[in-house]
Amino acid sequence: MTFEPWLYTLRLRLRSRFRRQQVDQELNDELHDHLEQQIKVNITRGMSPEDARYAALRALGGITQIKQRCRDARGGSVIENLVQDLRYGFRQLIRSPGFSSLAILCLTLGIGANTAVFSWIEGILFRPYPAVVHQERLLALAGTARVESGTAAISWPDFLDLQRSCTLCDALFVSKITSSTLNNGDRAEVTTGSIVSANYFDAIGVRPVLGRSFEPGEDAGSDAHPVAVISYQLWRERFKSDPQIIGKTQRLNNVPHTIIGVAPEGFYGTFVGWAMQFWIPASMEETFESGGYKLEDRGARWIESYVRLKPGVTRAQAQQELSAIAARLENNYSATNRGRGISLWPLWQTPFNNAGTLLPTLEIMLAVVAFVLLIACANVGNLLLVRSFARRREMTVRLAIGASRARLLQQLFTEGLILSAIGAAGGLLVAYWCRHALVLLLPARSGVAMYLPGEIDWRVMSLSAGICLIATLIVGLVPAFQTRNIDLAGALKAESTGVVGAAGKPWVRSGLVVFQVCLSFILLVGAALLLESLQKIRTTSPGFSTTNVVQTGVSLISAGYDVPRSKTFQDELIDRVRALPGVQSAAFARVTPLGYKSFSSTPIAVDGYQPSPEEQPTVDYNQVSPDYFATLGIRLLSGREFTRADDENAPLVAIVNQTMAARYWGQQDPIDRRLQVNGRWARVIGVAADSKYESMRESPKPFFYVPLLQDFARGPVLYIRSVQPVQSIVAALLREVHALDGDLALYETITVQEQVDRSTSPQLVAVTLVSILGGLALLLAAVGLYGVMAYAVAQSNRELGLRMALGAGTANLFRRVISRGLRLTAVGVLCGAAAGLLLTRLFGTLLFNVSPTNPLAFASAVAVMTITSVAACLLPAWRATRTDPARVLRE
Amino acid sequence: MSKPSDLVQGTLDMLILKILALQPLNGWAVSQRLQQMSSDVLGVSDGSLYPSLHKLEQRGWITAQWKLSENNRRSKFYSLTRLGRKHLEKEAADWNRLSAAISGIVKLKEA
């Protein structure tokens, strides 16, 4: 019922907008109809036709005014004005293409940088998993240990208990990254996939395009269900889109798996940063994970999992319920679960993929791009301001002939809107081009398809539309401010444009430049801090030597080697490698430091160390072969290295690091003391220097080593210390490996330095992005400064000419202009330094061993800013010296 | 031609609606009716009627149609909509309350 009149009035509105002539004609007819009827009545009252007409007209009033008031009453003038303003605005833009393109370029860069970062945040942190349904209810689930900070994996039995007992969860599912060698004919390559629970595909709402997903129960048993779902990409590239693929077998880690399904295109699994190529059920865990059958071992923690909450359930509620379940498990299984809890994380804080490493960088980027946008807006505002001086006369005339100030403002904002709307459209384009740019900044690694897409969806679009409106307000505000005090009479009286133009307010423009310098100075300081931090990280010693050592591995697990065969192979290989020319030493280790694979971890006990009742001392350790310390250059502070004699038949031994020795033995010498590892006692035979284990940024932590032969793992990392280049080592190594077994393949061979560099790549990304945007900001600020100085010089032509006529030299004038520019810069730098001291603290975890108030960073930012300002002022200063006093004074 | 004051403007809208509630009329007829009914007290000039008519149409309270009048002239006839009728009822009720209150006050004898 309310709809119908609304529709009727809408039609009226549209009619008065688009059929204006017809509407005017009708109004004309209506009024004439009125007049004629009135005239007729007047005549019947006895007036002469002339008098009757005159009387009727007088009674009606001024026809033009009535028509205008009718038009106003009809409304529609808002739209009409808007269309008029748009048309006028576009004409203005086309008339000064230089101004327009500079303004639009500034806004495109400003809005584009924002949109790109929004799209990364959306695509990597908020909606990281394309094709997965209801990501807003998805949370990452990780274990916690009361005495340690950070998170841990959880065990399969614990996962099943959580799955059974959680009432607030729609689904709990496992997605644990793993890698495998894929053999196809004579080609073998390493590829990345996920070990998942059987409910995985149902829980994330992804249907295979071919075949089926896993069935309930396929994730139970020991190596019981060798089935796999493969990615669309793998299907297309390796299997040539074979429509008969279902039911065929593919060797994964040398175990034939039946391919039961092909995942849809555009589904990349559930691991931020990497595209998964295959999925296998948890029952095949033994084939892919070292450490044997773990599905019934509550103490074996290896699972990474996710939870989807029921609609309307908050994280806090779910956390409460899961904590209660964890407490019950702790009670029932105190041997394995003492001090263990469960924590839920939003996807963007997922502790076990690249989301966590990119989060601080992207957070900082948000602030950085906001700065860039503000600087760009200040530039455009400044440009508009200059133009508003030129248009002051136009504005004055408009006001004089009756335009309201509101009407003028509407027009100015419409012009701002046109600029920022084009800028926003360009920005979307920039973001679209940049959506895969993040991947380029991360070092490539073989066997992994990096996938870090930006996502441009309606939420990113509406955010950038919002940014566009904010930009409109900012850039429209500046000239609007100027129209506030136009003195009608004065402005109309003054004839020459020069005088009117000079009446502008230089402090507004100077203020804008100071603001720009201030913001870009802060960015410069930030970039300098990050750069210095990166340098610190890269030059910090990891505690082992990174030069002349390469790391690689041999695909023993994939080739189906069992433990005894692996032991023999590894013994023979290490002897052959040591005999190679140029090789100083070689060693194995189960896990490489600073890599993705996690170390083994065990509860420990030490004679004489009494843990508090809450504490269950747990320490990470690595399984290493003889010569490990010599090969990696880790210093032994006392005691001895492992030897061949420390094998499975010898008494258990261990080497602890410095921090562990200090924490658990204090002042005493730990050598020959007992250490309980996994419930068995080992003798400490050495103390090694501290080194970095999981991150370059970690502080020293307790760690120990056991002989590889006493805690054996197949397919360990092989380290070779040699002065030979990597290629020749690889060639020689491959010869030796193939001499032992022709079916074996080598994993990626990299220097240890490369491994360290990969672990610090998030810092590299942050430095690169902040430097690029800092440079952009600097450029924009320089353009702003140049504009102001050039304008100031043009405006003070007369003054400069006078000074010259009175004997000022060119050097003097040059100095005047430069020093004026530097004064502006100095004020901006002072503001920037003050703000920077407060803001750089936000860098927090991104900085390593660098104080947020590092004087060197501030000093270098001042230097760069000063040089840039001088450069920006050079041209205007040179122009000032070219002033021709005779000509200027004549004018 | 003076611009009607706000009070008169609001009242004028109500009067127009009331007049159109009785029968559809063209602008001239409405102005005649206004003069007759209010005995010219309101002093509404013919001209100020039209912006009001157009405004009421814009609000959806009245609709307009071009029709032939009795003497075979094409004339724009306004008629009340359902929405307009509701609005009129509300306005009239308000007016009655207000005028009763005011006349009550005005009639108070000075003590």
# chains A, B, ... in the order shown; residues from 1 in each chain; ligands from 1
>>> select_by_dssp(residues="range 17-105 of chain B", states="alpha helix (DSSP H)", output="number ranges by chain")
B: 17-22, 27-37, 46-59, 82-105
>>> interface_residues(of="chain B", to="chain A", cutoff="7 Å", atoms="only C-alpha atoms", output="PyMOL selection string")
chain B and resi 1+27-28+45-47+50-51+54-55+58-60+75-76
>>> write_last_selection(atoms="C-alpha atoms", output="mmCIF file, in the first residue's frame")
data_model
loop_
_atom_site.group_PDB
_atom_site.id
_atom_site.type_symbol
_atom_site.label_atom_id
_atom_site.label_comp_id
_atom_site.auth_asym_id
_atom_site.auth_seq_id
_atom_site.Cartn_x
_atom_site.Cartn_y
_atom_site.Cartn_z
ATOM 1 C CA MET B 1 2.106 38.170 -4.056
ATOM 2 C CA GLY B 27 -6.495 24.330 -10.080
ATOM 3 C CA TRP B 28 -8.786 27.203 -10.913
ATOM 4 C CA SER B 45 -3.357 34.508 -3.984
ATOM 5 C CA ASP B 46 -4.202 32.311 -6.918
ATOM 6 C CA GLY B 47 -0.541 31.877 -7.742
ATOM 7 C CA TYR B 50 0.014 25.913 -7.709
ATOM 8 C CA PRO B 51 3.315 25.251 -5.948
ATOM 9 C CA HIS B 54 2.574 20.344 -7.126
ATOM 10 C CA LYS B 55 4.146 19.696 -3.751
ATOM 11 C CA GLN B 58 4.991 15.052 -5.239
ATOM 12 C CA ARG B 59 4.251 13.716 -1.754
ATOM 13 C CA GLY B 60 1.763 11.275 -3.240
ATOM 14 C CA SER B 75 -7.878 20.763 -17.821
ATOM 15 C CA LYS B 76 -5.614 19.247 -15.138
#
>>> residues_around(residues="range 236-240 of chain A", least_positions_apart="4", cutoff="10 Å", atoms="only C-alpha atoms", output="NGL selection string")
:A and (182 or 184 or 231-232 or 244-245 or 262 or 265)
>>> atom_distance(atom1="CA of Ala145 in chain A", atom2="CA of Val591 in chain A")
21.8 Å
>>> residues_around(residues="Phe413 in chain A", least_positions_apart="3", cutoff="7 Å", atoms="only C-alpha atoms", output="list in words")
Leu409, Gln410, Gly416, Leu417, Thr472 and Gly476 of chain A
>>> residues_around(residues="Ile16 in chain B", least_positions_apart="3", cutoff="9 Å", atoms="only C-alpha atoms", output="VMD selection string")
chain B and resid 11 to 13 19 to 21 30 to 31 34 49 52 to 53
>>> write_last_selection(atoms="N, CA and C atoms", output="PDB file, in the first residue's frame")
ATOM      1  N   THR B  11      -1.625  25.081   6.801  1.00  0.00           N
ATOM      2  CA  THR B  11      -3.075  25.115   6.783  1.00  0.00           C
ATOM      3  C   THR B  11      -3.593  25.025   5.355  1.00  0.00           C
ATOM      4  N   LEU B  12      -2.902  25.713   4.466  1.00  0.00           N
ATOM      5  CA  LEU B  12      -3.316  25.718   3.064  1.00  0.00           C
ATOM      6  C   LEU B  12      -3.318  24.293   2.510  1.00  0.00           C
ATOM      7  N   ASP B  13      -2.254  23.547   2.829  1.00  0.00           N
ATOM      8  CA  ASP B  13      -2.195  22.155   2.380  1.00  0.00           C
ATOM      9  C   ASP B  13      -3.418  21.395   2.848  1.00  0.00           C
ATOM     10  N   ILE B  19     -10.694  20.203   0.314  1.00  0.00           N
ATOM     11  CA  ILE B  19     -11.507  20.553  -0.852  1.00  0.00           C
ATOM     12  C   ILE B  19     -11.521  19.429  -1.871  1.00  0.00           C
ATOM     13  N   LEU B  20     -10.312  18.824  -2.084  1.00  0.00           N
ATOM     14  CA  LEU B  20     -10.230  17.753  -3.066  1.00  0.00           C
ATOM     15  C   LEU B  20     -10.884  16.471  -2.560  1.00  0.00           C
ATOM     16  N   ALA B  21     -11.025  16.375  -1.238  1.00  0.00           N
ATOM     17  CA  ALA B  21     -11.673  15.189  -0.682  1.00  0.00           C
ATOM     18  C   ALA B  21     -13.135  15.131  -1.120  1.00  0.00           C
ATOM     19  N   VAL B  30     -10.198  24.902  -7.594  1.00  0.00           N
ATOM     20  CA  VAL B  30      -9.749  24.853  -6.196  1.00  0.00           C
ATOM     21  C   VAL B  30      -9.616  26.265  -5.657  1.00  0.00           C
ATOM     22  N   SER B  31      -9.045  27.165  -6.454  1.00  0.00           N
ATOM     23  CA  SER B  31      -8.847  28.532  -5.960  1.00  0.00           C
ATOM     24  C   SER B  31     -10.195  29.219  -5.708  1.00  0.00           C
ATOM     25  N   LEU B  34     -11.616  27.846  -2.545  1.00  0.00           N
ATOM     26  CA  LEU B  34     -10.901  28.372  -1.379  1.00  0.00           C
ATOM     27  C   LEU B  34     -11.440  29.742  -1.013  1.00  0.00           C
ATOM     28  N   LEU B  49      -1.219  28.892  -4.957  1.00  0.00           N
ATOM     29  CA  LEU B  49      -1.903  27.619  -4.916  1.00  0.00           C
ATOM     30  C   LEU B  49      -1.129  26.548  -5.677  1.00  0.00           C
ATOM     31  N   SER B  52       1.793  24.657  -4.136  1.00  0.00           N
ATOM     32  CA  SER B  52       1.262  23.741  -3.124  1.00  0.00           C
ATOM     33  C   SER B  52       0.701  22.494  -3.768  1.00  0.00           C
ATOM     34  N   LEU B  53      -0.068  22.681  -4.851  1.00  0.00           N
ATOM     35  CA  LEU B  53      -0.656  21.534  -5.548  1.00  0.00           C
ATOM     36  C   LEU B  53       0.452  20.587  -6.023  1.00  0.00           C
TER      37      LEU B  53
END
>>> select_by_dssp(residues="range 645-752 of chain A", states="strand (DSSP E)", output="ChimeraX atom specification")
/A:653-657,674-677,680-688,703-707,717-722,750-751
>>> residues_around(residues="range 516-532 of chain A", least_positions_apart="2", cutoff="8 Å", atoms="only C-alpha atoms", output="PyMOL selection string")
chain A and resi 368+371-372+374-375+378+512-514+534-536+763+766-767+770-771+774-775+777-778+781+784+825+828-833+835-836+840+846-847+850+852+854+857-858+860-862+865
>>> write_last_selection(atoms="C-alpha atoms", output="compact mmCIF listing (two decimals), in the first residue's frame")
# COMPACT_ATOMS: atom_id res chain seq x y z
CA VAL A 368 51.41 2.53 5.87
CA PHE A 371 49.58 7.32 5.28
CA VAL A 372 50.13 7.07 1.56
CA LEU A 374 46.58 10.89 3.22
CA ILE A 375 49.69 12.16 1.44
CA ALA A 378 47.00 16.32 0.53
CA LEU A 512 49.46 20.66 3.69
CA VAL A 513 53.09 20.30 2.68
CA VAL A 514 54.24 20.15 6.29
CA LEU A 534 66.55 -7.13 8.59
CA GLN A 535 70.26 -6.45 8.43
CA LYS A 536 70.59 -7.38 12.09
CA GLN A 763 60.99 -9.62 7.39
CA ALA A 766 57.90 -6.23 5.26
CA VAL A 767 61.05 -4.32 4.31
CA VAL A 770 57.37 -0.58 3.38
CA SER A 771 60.31 0.60 1.25
CA GLY A 774 57.79 4.77 1.62
CA GLY A 775 59.44 5.67 -1.68
CA ALA A 777 55.12 8.58 -0.25
CA LEU A 778 58.40 10.43 -0.55
CA ALA A 781 55.54 14.62 -0.84
CA GLY A 784 53.68 18.54 -3.16
CA THR A 825 60.64 20.49 5.52
CA GLY A 828 57.40 18.60 8.86
CA VAL A 829 60.37 16.55 10.00
CA LEU A 830 59.98 17.83 13.57
CA CYS A 831 56.29 16.85 13.62
CA GLY A 832 57.17 13.54 11.95
CA ALA A 833 59.90 12.79 14.46
CA ALA A 835 54.83 11.28 15.88
CA GLY A 836 57.38 8.69 14.80
CA THR A 840 57.27 3.13 15.49
CA LEU A 846 58.74 -7.03 13.25
CA LEU A 847 61.81 -5.37 14.74
CA VAL A 850 66.50 -2.62 16.94
CA PRO A 852 61.92 1.71 17.80
CA ASN A 854 66.97 3.93 16.92
CA ALA A 857 67.13 5.24 11.50
CA PHE A 858 65.90 8.72 12.40
CA SER A 860 69.05 8.58 7.86
CA ALA A 861 65.38 9.51 7.40
CA VAL A 862 66.29 13.17 8.05
CA MET A 865 64.09 13.91 3.51
>>> atom_distance(atom1="CA of Ser510 in chain A", atom2="CA of Ile422 in chain A")
26.9 Å
>>> residues_around(residues="Val583 in chain A", least_positions_apart="6", cutoff="10 Å", atoms="only C-alpha atoms", output="number ranges by chain")
A: 548-549, 577, 720-724, 729
>>> write_last_selection(atoms="N, CA and C atoms", output="PDB file, in the first residue's frame")
ATOM      1  N   ASN A 548      79.677 -22.613   3.254  1.00  0.00           N
ATOM      2  CA  ASN A 548      80.348 -23.872   2.933  1.00  0.00           C
ATOM      3  C   ASN A 548      79.627 -25.101   3.464  1.00  0.00           C
ATOM      4  N   VAL A 549      78.362 -24.960   3.861  1.00  0.00           N
ATOM      5  CA  VAL A 549      77.597 -26.129   4.268  1.00  0.00           C
ATOM      6  C   VAL A 549      76.327 -26.190   3.425  1.00  0.00           C
ATOM      7  N   VAL A 577      80.404 -40.088   1.082  1.00  0.00           N
ATOM      8  CA  VAL A 577      80.404 -38.623   0.986  1.00  0.00           C
ATOM      9  C   VAL A 577      81.677 -38.059   1.598  1.00  0.00           C
ATOM     10  N   ILE A 720      76.546 -31.416   4.357  1.00  0.00           N
ATOM     11  CA  ILE A 720      77.892 -31.648   3.833  1.00  0.00           C
ATOM     12  C   ILE A 720      78.676 -30.351   3.943  1.00  0.00           C
ATOM     13  N   ARG A 721      79.815 -30.425   4.635  1.00  0.00           N
ATOM     14  CA  ARG A 721      80.691 -29.245   4.692  1.00  0.00           C
ATOM     15  C   ARG A 721      81.763 -29.406   3.629  1.00  0.00           C
ATOM     16  N   SER A 722      81.770 -28.481   2.677  1.00  0.00           N
ATOM     17  CA  SER A 722      82.701 -28.615   1.554  1.00  0.00           C
ATOM     18  C   SER A 722      82.967 -27.246   0.969  1.00  0.00           C
ATOM     19  N   VAL A 723      84.122 -27.090   0.367  1.00  0.00           N
ATOM     20  CA  VAL A 723      84.438 -25.808  -0.260  1.00  0.00           C
ATOM     21  C   VAL A 723      83.970 -25.782  -1.709  1.00  0.00           C
ATOM     22  N   GLN A 724      83.494 -26.932  -2.213  1.00  0.00           N
ATOM     23  CA  GLN A 724      83.027 -27.021  -3.597  1.00  0.00           C
ATOM     24  C   GLN A 724      81.722 -26.237  -3.775  1.00  0.00           C
ATOM     25  N   ILE A 729      78.752 -30.420  -5.802  1.00  0.00           N
ATOM     26  CA  ILE A 729      78.435 -31.317  -4.685  1.00  0.00           C
ATOM     27  C   ILE A 729      77.247 -32.197  -5.067  1.00  0.00           C
TER      28      ILE A 729
END
